[in-house]
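J.: Structure provided below as structure tokens; questions to follow.
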Amino acid sequence: MPTVAMMVNGKKVSADVEPRTLLVHYLRENLGLTGTHVGCDTSQCGACVVDIDGASVKSCTQLAVQCEGAHVTTIEGLAQGETLHPMQEAFRENHALQCGFCTPGMVMSAIDLVKRNKSPSEREIREWLEGNLCRCTGYHNIVKAIAAAAQTMRG
């Protein structure tokens, strides 16, 4: 079995993995980071989105071995102690979640959007979220939360 080493949420991790192990399973099963959800297993829902080297990626589409040397951030790596990331705080303040299953992927995707576009329009937010499915909301509060976080994040 190959050994894979990467930085996850600022910590160096290493493990022997089957070559076919998906990153989402490595994070959940090897590292116990269960905030990254397995939703559809077909890269349709976005519940498994993480940040890899500065870009949002569906972790069910990446093999763990492909992340050798990468810097991976999961939803667990966003908060600073008790202080939520501005995007997490905006989701909470704007009631942008219901069951919460899609929320980690939505948050991770939204952070990438705001890094790329400091002031996205409602249309741009909705288009960016096309790869993230939510079955509980109408996306209205999610869009509001992302717009609010973008304002906070640009200072």
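Following the order of the structure tokens, first chain is A, next is B, and so on, with residues numbered from 1 inside each chain and ligands from 1 in the order they appear.
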Mind listing the alpha helix (DSSP H) residues of chain A, per DSSP on the backbone, as an MDAnalysis selection string?

T.: chainID A and resid 23:25 86:93 103:116 122:128 140:154

J.: Write the residues you've just listed into a file as a compact mmCIF listing (two decimals), in the first residue's frame, and include C-alpha atoms for each of them.

T.:
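To be explicit, this is the file written out as part_38.txt:
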```
# COMPACT_ATOMS: atom_id res chain seq x y z
CA LEU A 23 -10.03 11.65 -0.26
CA VAL A 24 -13.47 11.92 1.37
CA HIS A 25 -13.07 8.43 2.86
CA PRO A 86 -17.03 34.70 8.77
CA MET A 87 -18.77 32.38 6.29
CA GLN A 88 -19.81 29.98 9.05
CA GLU A 89 -21.03 32.89 11.16
CA ALA A 90 -23.02 34.30 8.22
CA PHE A 91 -24.68 30.92 7.62
CA ARG A 92 -25.66 30.83 11.30
CA GLU A 93 -26.86 34.44 11.44
CA THR A 103 -23.78 23.02 4.88
CA PRO A 104 -20.08 22.05 5.07
CA GLY A 105 -19.84 21.76 1.29
CA MET A 106 -21.81 24.97 0.77
CA VAL A 107 -19.55 26.86 3.18
CA MET A 108 -16.36 25.53 1.60
CA SER A 109 -17.60 26.35 -1.92
CA ALA A 110 -18.75 29.80 -0.85
CA ILE A 111 -15.37 30.66 0.68
CA ASP A 112 -13.71 29.81 -2.64
CA LEU A 113 -16.20 32.00 -4.49
CA VAL A 114 -15.53 34.98 -2.24
CA LYS A 115 -11.76 34.49 -2.56
CA ARG A 116 -12.17 34.73 -6.34
CA GLU A 122 -26.89 37.20 -6.39
CA ARG A 123 -26.74 35.68 -9.87
CA GLU A 124 -23.03 34.88 -9.50
CA ILE A 125 -23.62 33.26 -6.11
CA ARG A 126 -26.48 31.14 -7.47
CA GLU A 127 -24.41 30.07 -10.48
CA TRP A 128 -21.44 29.16 -8.26
CA HIS A 140 -32.59 32.14 -0.53
CA ASN A 141 -30.98 32.30 2.93
CA ILE A 142 -27.85 30.57 1.66
CA VAL A 143 -27.44 33.29 -0.97
CA LYS A 144 -28.08 35.97 1.70
CA ALA A 145 -25.48 34.39 3.97
CA ILE A 146 -22.83 34.28 1.25
CA ALA A 147 -23.48 37.92 0.33
CA ALA A 148 -23.25 38.92 4.00
CA ALA A 149 -20.03 36.97 4.50
CA ALA A 150 -18.53 38.48 1.35
CA GLN A 151 -19.17 41.93 2.80
CA THR A 152 -17.57 40.96 6.11
CA MET A 153 -14.61 39.23 4.46
CA ARG A 154 -13.75 42.19 2.23
```

J.: Write out as a count of residues only the residues lying within 7 Å of region 131-138 of chain A, counting only C-alpha atoms and excluding same-chain residues fewer than 3 positions away.

T.: 8

J.: So that I can see what lies close to Glu68 (chain A), please list as a list in words the residues with an atom at most 7 Å from it, counting only C-alpha atoms and leaving out residues fewer than 5 positions away in the same chain.

T.: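 My list of contacting residues is Val4, Ala5 and Met6 of chain A.
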
J.: Give me a file of those residues, with N, CA and C atoms, as an mmCIF file, in the first residue's frame.

T.:
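result-v7.cif, written as the output of this step:
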```cif
data_model
loop_
_atom_site.group_PDB
_atom_site.id
_atom_site.type_symbol
_atom_site.label_atom_id
_atom_site.label_comp_id
_atom_site.auth_asym_id
_atom_site.auth_seq_id
_atom_site.Cartn_x
_atom_site.Cartn_y
_atom_site.Cartn_z
ATOM 1 N N VAL A 4 0.550 8.090 1.921
ATOM 2 C CA VAL A 4 0.228 9.437 1.474
ATOM 3 C C VAL A 4 0.463 10.393 2.641
ATOM 4 N N ALA A 5 1.086 11.513 2.342
ATOM 5 C CA ALA A 5 1.341 12.545 3.352
ATOM 6 C C ALA A 5 0.835 13.874 2.808
ATOM 7 N N MET A 6 0.151 14.606 3.681
ATOM 8 C CA MET A 6 -0.381 15.912 3.298
ATOM 9 C C MET A 6 -0.583 16.739 4.555
#
```

J.: Calculated over only C-alpha atoms, which of the candidates A:Ala70, A:Ala96, A:Val57, A:Val13 has the smallest distance to Ser43 (chain A)?

T.: A:Val57

J.: Suppose you want the space between CA of Val72 (chain A) and CA of Glu130 (chain A); what is it in Å?

T.: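 It comes out at 22.5 Å.
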
J.: Which of these residues is nearest to Ser119 (chain A), using only C-alpha atoms: A:Gln80, A:Glu29, A:Leu22, A:Gly155?

T.: A:Gly155

J.: For a quick check of understanding, using only C-alpha atoms, which of A:Pro19, A:Gly32, A:Gly100, A:Pro120 has the smallest distance to Gln62 (chain A)?

T.: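 Ranking A:Pro19, A:Gly32, A:Gly100, A:Pro120 by distance to Gln62 (chain A), first place goes to A:Pro19.
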
J.: Which residues are near Ala15 (chain A)? Cut-off 10 Å, only C-alpha atoms, ignore same chain within fewer than 6 positions. Put them as an MDAnalysis selection string.

T.: chainID A and resid 1:6 26 30:31 64

J.: Write a file of the selected residues as a compact mmCIF listing (two decimals), in the first residue's frame, keeping C-alpha atoms.

T.:
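So the final result, stored in out-v7.txt, reads:
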```
# COMPACT_ATOMS: atom_id res chain seq x y z
CA MET A 1 0.00 0.00 0.00
CA PRO A 2 1.25 3.47 -0.79
CA THR A 3 1.80 6.02 1.93
CA VAL A 4 0.23 9.44 1.47
CA ALA A 5 1.34 12.55 3.35
CA MET A 6 -0.38 15.91 3.30
CA TYR A 26 -9.49 9.14 3.94
CA ASN A 30 -8.47 7.68 8.66
CA LEU A 31 -8.55 11.13 10.23
CA ALA A 64 -6.12 10.40 -1.44
```

J.: Determine the nearest neighbour of Ser59 (chain A) from the options A:Thr36, A:Gly10, A:Glu76, A:Val17, counting only C-alpha atoms.

T.: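 The answer is A:Thr36, which sits nearest to Ser59 (chain A).
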